[in-house]
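File shown here: work.pdb, holding PDB, C-alpha atoms.
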MODEL        1
ATOM      1  CA  MET A 251      44.349 -43.038   3.492
ATOM      2  CA  THR A 252      41.356 -41.402   5.063
ATOM      3  CA  ASN A 253      37.936 -42.742   5.834
ATOM      4  CA  ALA A 254      36.525 -40.245   3.286
ATOM      5  CA  GLU A 255      37.605 -42.656   0.578
ATOM      6  CA  PRO A 256      34.895 -45.018  -0.609
ATOM      7  CA  ALA A 257      35.242 -48.409   1.074
ATOM      8  CA  ILE A 258      35.281 -51.627  -0.910
ATOM      9  CA  PHE A 259      35.375 -55.236   0.250
ATOM     10  CA  TYR A 260      37.820 -57.659  -1.383
ATOM     11  CA  GLY A 261      37.572 -61.394  -0.846
ATOM     12  CA  ALA A 262      39.361 -64.453  -2.177
ATOM     13  CA  ALA A 263      40.382 -67.960  -1.154
ATOM     14  CA  ILE A 264      43.303 -68.639   1.143
ATOM     15  CA  GLN A 265      42.741 -72.111   2.592
ATOM     16  CA  GLY A 266      41.670 -73.702  -0.675
ATOM     17  CA  GLU A 267      44.772 -72.635  -2.578
ATOM     18  CA  LYS A 268      47.090 -75.315  -3.879
ATOM     19  CA  SER A 269      49.860 -73.611  -1.896
ATOM     20  CA  LEU A 270      49.436 -70.981   0.817
ATOM     21  CA  GLY A 271      50.109 -67.601  -0.753
ATOM     22  CA  GLY A 272      50.117 -69.096  -4.232
ATOM     23  CA  ARG A 273      47.750 -66.439  -5.595
ATOM     24  CA  ALA A 274      49.156 -63.571  -3.493
ATOM     25  CA  ILE A 275      50.484 -61.702  -6.546
ATOM     26  CA  VAL A 276      46.996 -61.703  -8.091
ATOM     27  CA  HIS A 277      45.442 -60.362  -4.889
ATOM     28  CA  GLU A 278      48.205 -57.782  -4.325
ATOM     29  CA  THR A 279      47.817 -56.494  -7.887
ATOM     30  CA  LEU A 280      44.045 -56.131  -7.639
ATOM     31  CA  ILE A 281      44.179 -54.556  -4.171
ATOM     32  CA  ARG A 282      46.855 -52.089  -5.325
ATOM     33  CA  ALA A 283      44.712 -51.154  -8.347
ATOM     34  CA  MET A 284      41.731 -50.399  -6.082
ATOM     35  CA  ARG A 285      43.849 -48.302  -3.715
ATOM     36  CA  ASN A 286      45.475 -46.455  -6.614
ATOM     37  CA  ARG A 287      41.989 -45.454  -7.782
ATOM     38  CA  GLY A 288      41.124 -43.955  -4.392
ATOM     39  CA  PHE A 289      39.288 -46.831  -2.724
ATOM     40  CA  ARG A 290      39.830 -47.968   0.840
ATOM     41  CA  VAL A 291      40.161 -51.755   0.709
ATOM     42  CA  LEU A 292      38.839 -53.017   4.024
ATOM     43  CA  LEU A 293      40.895 -56.197   4.158
ATOM     44  CA  ASP A 294      44.058 -57.205   2.305
ATOM     45  CA  HIS A 295      45.105 -60.426   4.026
ATOM     46  CA  THR A 296      44.735 -62.418   0.801
ATOM     47  CA  GLY A 297      47.903 -60.704  -0.435
ATOM     48  CA  GLY A 298      49.938 -62.409   2.289
ATOM     49  CA  ARG A 299      52.430 -65.032   1.164
ATOM     50  CA  ASP A 300      52.598 -67.133   4.329
ATOM     51  CA  ARG A 301      50.548 -67.784   7.468
ATOM     52  CA  GLU A 302      52.383 -65.107   9.468
ATOM     53  CA  SER A 303      51.918 -62.303   6.909
ATOM     54  CA  ILE A 304      48.291 -63.312   6.312
ATOM     55  CA  SER A 305      47.634 -63.251  10.068
ATOM     56  CA  THR A 306      49.419 -59.906  10.531
ATOM     57  CA  ARG A 307      47.467 -58.302   7.688
ATOM     58  CA  MET A 308      44.222 -59.696   9.054
ATOM     59  CA  GLU A 309      44.903 -58.271  12.517
ATOM     60  CA  ASP A 310      45.854 -54.905  10.992
ATOM     61  CA  SER A 311      42.368 -54.766   9.478
ATOM     62  CA  LEU A 312      40.278 -56.550  12.101
ATOM     63  CA  GLY A 313      42.102 -55.648  15.296
ATOM     64  CA  GLU A 314      43.668 -57.959  17.825
ATOM     65  CA  LEU A 315      42.504 -61.553  17.526
ATOM     66  CA  PRO A 316      42.663 -64.637  19.743
ATOM     67  CA  PRO A 317      45.411 -67.193  18.965
ATOM     68  CA  TYR A 318      45.487 -68.830  15.524
ATOM     69  CA  GLY A 319      43.564 -72.093  15.255
ATOM     70  CA  THR A 320      41.113 -71.414  18.077
ATOM     71  CA  GLN A 321      37.355 -71.534  17.624
ATOM     72  CA  GLU A 322      37.074 -68.102  19.243
ATOM     73  CA  ARG A 323      39.353 -66.612  16.567
ATOM     74  CA  ARG A 324      37.348 -68.286  13.779
ATOM     75  CA  ARG A 325      34.084 -66.911  15.149
ATOM     76  CA  ILE A 326      35.441 -63.378  15.593
ATOM     77  CA  VAL A 327      37.000 -63.311  12.107
ATOM     78  CA  ARG A 328      33.765 -64.581  10.548
ATOM     79  CA  ASP A 329      31.631 -62.039  12.420
ATOM     80  CA  ARG A 330      33.929 -59.112  11.608
ATOM     81  CA  LEU A 331      34.110 -60.031   7.916
ATOM     82  CA  ILE A 332      30.329 -60.218   7.709
ATOM     83  CA  ASP A 333      30.075 -56.878   9.531
ATOM     84  CA  MET A 334      32.362 -55.381   6.860
ATOM     85  CA  ILE A 335      30.263 -56.819   4.037
ATOM     86  CA  GLU A 336      27.070 -55.545   5.640
ATOM     87  CA  GLY A 337      28.682 -52.195   6.454
ATOM     88  CA  ASP A 338      29.077 -48.938   4.589
ATOM     89  CA  ILE A 339      30.742 -50.150   1.398
ATOM     90  CA  CYS A 340      30.208 -49.005  -2.176
ATOM     91  CA  GLY A 341      30.982 -52.386  -3.735
ATOM     92  CA  ALA A 342      32.616 -55.776  -3.380
ATOM     93  CA  VAL A 343      35.181 -57.601  -5.479
ATOM     94  CA  PHE A 344      35.811 -61.330  -5.216
ATOM     95  CA  GLU A 345      38.515 -63.298  -7.008
ATOM     96  CA  VAL A 346      36.847 -66.694  -7.398
ATOM     97  CA  SER A 347      39.368 -68.744  -9.383
ATOM     98  CA  THR A 348      40.109 -70.936  -6.375
ATOM     99  CA  PRO A 349      37.084 -72.649  -4.789
ATOM    100  CA  SER A 350      36.450 -71.445  -1.252
ATOM    101  CA  LEU A 351      33.607 -72.069   1.171
ATOM    102  CA  GLY A 352      34.510 -68.903   3.070
ATOM    103  CA  THR A 353      34.500 -66.740  -0.035
ATOM    104  CA  GLY A 354      31.156 -68.291  -0.958
ATOM    105  CA  VAL A 355      29.717 -67.190   2.387
ATOM    106  CA  GLU A 356      31.082 -63.669   1.826
ATOM    107  CA  ILE A 357      29.570 -63.512  -1.675
ATOM    108  CA  THR A 358      26.228 -64.715  -0.316
ATOM    109  CA  HIS A 359      26.166 -61.969   2.308
ATOM    110  CA  ALA A 360      27.040 -59.359  -0.319
ATOM    111  CA  CYS A 361      24.261 -60.611  -2.613
ATOM    112  CA  LEU A 362      21.707 -60.795   0.205
ATOM    113  CA  ARG A 363      22.293 -57.271   1.517
ATOM    114  CA  PRO A 364      18.883 -56.019   0.261
ATOM    115  CA  ARG A 365      17.045 -58.931   1.909
ATOM    116  CA  LEU A 366      18.872 -58.128   5.144
ATOM    117  CA  GLY A 367      17.827 -54.477   5.025
ATOM    118  CA  PHE A 368      21.068 -53.051   3.594
ATOM    119  CA  PRO A 369      21.418 -51.210   0.283
ATOM    120  CA  ALA A 370      22.365 -53.328  -2.729
ATOM    121  CA  ILE A 371      25.937 -52.907  -3.915
ATOM    122  CA  PRO A 372      27.663 -53.716  -7.187
ATOM    123  CA  ILE A 373      29.595 -56.993  -6.970
ATOM    124  CA  LEU A 374      32.405 -58.095  -9.272
ATOM    125  CA  LEU A 375      33.387 -61.759  -9.486
ATOM    126  CA  LEU A 376      36.695 -62.343 -11.275
ATOM    127  CA  TYR A 377      37.556 -65.817 -12.554
ATOM    128  CA  GLU A 378      40.773 -66.764 -14.354
ATOM    129  CA  GLU A 379      39.677 -68.848 -17.314
ATOM    130  CA  GLY A 380      40.999 -72.403 -17.053
ATOM    131  CA  PHE A 381      42.695 -71.898 -13.679
ATOM    132  CA  TRP A 382      40.766 -74.574 -11.822
ATOM    133  CA  GLU A 383      40.567 -78.002 -13.448
ATOM    134  CA  HIS A 384      36.815 -78.306 -12.826
ATOM    135  CA  ASP A 385      36.023 -74.778 -14.039
ATOM    136  CA  LEU A 386      33.955 -72.298 -12.081
ATOM    137  CA  SER A 387      31.465 -73.567  -9.511
ATOM    138  CA  THR A 388      27.878 -73.697 -10.756
ATOM    139  CA  MET A 389      26.774 -71.922  -7.569
ATOM    140  CA  ILE A 390      29.040 -68.976  -8.407
ATOM    141  CA  ALA A 391      28.470 -69.009 -12.179
ATOM    142  CA  GLY A 392      24.703 -69.060 -11.569
ATOM    143  CA  ILE A 393      24.695 -65.873  -9.474
ATOM    144  CA  GLU A 394      24.884 -63.534 -12.453
ATOM    145  CA  ARG A 395      21.423 -62.921 -13.914
ATOM    146  CA  PRO A 396      20.259 -60.445 -16.548
ATOM    147  CA  GLU A 397      17.493 -59.264 -14.204
ATOM    148  CA  ASP A 398      20.031 -58.491 -11.443
ATOM    149  CA  PRO A 399      22.485 -55.862 -12.669
ATOM    150  CA  THR A 400      24.379 -55.760  -9.363
ATOM    151  CA  VAL A 401      26.467 -58.917  -9.940
ATOM    152  CA  HIS A 402      29.038 -59.044 -12.716
ATOM    153  CA  LEU A 403      30.990 -62.212 -13.484
ATOM    154  CA  VAL A 404      34.099 -61.692 -15.572
ATOM    155  CA  ARG A 405      36.240 -64.500 -16.924
ATOM    156  CA  TYR A 406      39.716 -63.114 -17.501
ATOM    157  CA  ARG A 407      42.670 -64.432 -19.530
ATOM    158  CA  ASP A 408      45.574 -63.131 -17.474
ATOM    159  CA  LEU A 409      46.380 -60.659 -14.721
ATOM    160  CA  PRO A 410      46.509 -57.556 -16.977
ATOM    161  CA  HIS A 411      43.057 -58.497 -18.309
ATOM    162  CA  ALA A 412      41.746 -58.905 -14.736
ATOM    163  CA  GLU A 413      43.118 -55.511 -13.777
ATOM    164  CA  GLU A 414      41.539 -53.929 -16.876
ATOM    165  CA  GLU A 415      38.144 -55.411 -15.985
ATOM    166  CA  LEU A 416      38.534 -54.277 -12.377
ATOM    167  CA  LEU A 417      39.281 -50.704 -13.472
ATOM    168  CA  CYS A 418      36.102 -50.665 -15.590
ATOM    169  CA  PHE A 419      34.126 -51.865 -12.565
ATOM    170  CA  LEU A 420      35.685 -49.201 -10.325
ATOM    171  CA  ALA A 421      34.890 -46.499 -12.880
ATOM    172  CA  SER A 422      31.243 -47.593 -12.775
ATOM    173  CA  LEU A 423      31.238 -47.151  -8.988
ATOM    174  CA  TYR A 424      32.289 -43.523  -9.342
ATOM    175  CA  LYS A 425      29.428 -42.920 -11.797
ATOM    176  CA  LYS A 426      26.878 -44.197  -9.232
ATOM    177  CA  LYS A 427      27.844 -41.628  -6.599
TER     178      LYS A 427
ENDMDL
END

Could you take the file, read its structure, and then write that structure out as structure tokens?
Amino acid sequence: MTNAEPAIFYGAAIQGEKSLGGRAIVHETLIRAMRNRGFRVLLDHTGGRDRESISTRMEDSLGELPPYGTQERRRIVRDRLIDMIEGDICGAVFEVSTPSLGTGVEITHACLRPRLGFPAIPILLLYEEGFWEHDLSTMIAGIERPEDPTVHLVRYRDLPHAEEELLCFLASLYKKK
């Protein structure tokens, strides 16, 4: 893939999952759909099924990192992810079925791009209906507002429905070019 492809940020929970890699098939499917439509997905570590594959995928995208578990690694990963979100991307997709503080920070940075001096981007939040026993976080559900057409929250039934909604979102990105 070349850098001429439009870049898109994909984020989702890892640490908050009931089992590490438990949602990997969801993430792999959505990432594959974006790549198949000609987008360069900046980070695909959420598709890893265990700590080693997650770490390897993260380093493939972010470059060499300090040892796992160190504060230096955490800081570098955080800074590089925020740089990606504030970089030259045409949109962002977040799978928000599993609560995640980190994903919340990423979503916040994507939403605040205009306040930080960056162009607004379309943002898609995908939530699997009924996945989490306490439903979707109020802080996430409250992001979507009629007066702000950049954020789209979609509650999906199953993985094919999520992929269908994602493809509609991606098609809208091509129309904005």

Contact residues around His384 (chain A) with all atoms listed in the file at 12 Å, ignoring same-chain residues under 3 positions, as a list in words: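 The residues that qualify are Ser347, Thr348, Pro349, Glu379, Gly380, Phe381, Ser387 and Thr388 of chain A.
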
Mind dumping a table of every region 370-416 of chain A residue within 8 Å of region 270-285 of chain A, with the nearest atom pair and its distance in Å to one decimal, using all atoms listed in the file, sorted by chain and rising number, as CSV?
residue,atom,partner,partner_atom,distance
A:Leu409,CA,A:Val276,CA,6.7
A:Ala412,CA,A:Leu280,CA,8.0
A:Glu413,CA,A:Leu280,CA,6.2
A:Leu416,CA,A:Leu280,CA,7.5

Proximity to Asp338 (chain A) - best of A:Leu420, A:Ala257, A:Ile326, A:Leu312, only C-alpha atoms: A:Ala257

Counting only C-alpha atoms, the option among A:Leu417, A:Ala370, A:Ala254, A:Ile390 closest to Cys340 (chain A):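 Going through A:Leu417, A:Ala370, A:Ala254, A:Ile390 one by one, the smallest distance to Cys340 (chain A) is for A:Ala370.
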
Straight-line distance linking CA of Pro372 (chain A) with CA of Leu423 (chain A), stated in Å to one decimal: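 One can read the CA of Pro372 (chain A) to CA of Leu423 (chain A) distance as 7.7 Å.
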
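Across A:Gln321, A:Glu356, A:Leu374, A:Ile335, the tightest approach to Ser422 (chain A) is made by A:Leu374 when counting only C-alpha atoms.
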
Target residues per the PyMOL selection byres ((chain A and resi 353) around 12), formatted as number ranges by chain: A: 259-266, 296, 328, 331-332, 335, 342-352, 354-360, 375, 389-390

Among the residues A:Leu376, A:Arg324, A:Leu386, A:Tyr424, the one that comes closest to Val404 (chain A) [using all atoms listed in the file]: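 Selected residue with least distance to Val404 (chain A): A:Leu376.
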
d(CA of Ile258 (chain A), CA of Phe368 (chain A)) in Å: 15.0 Å
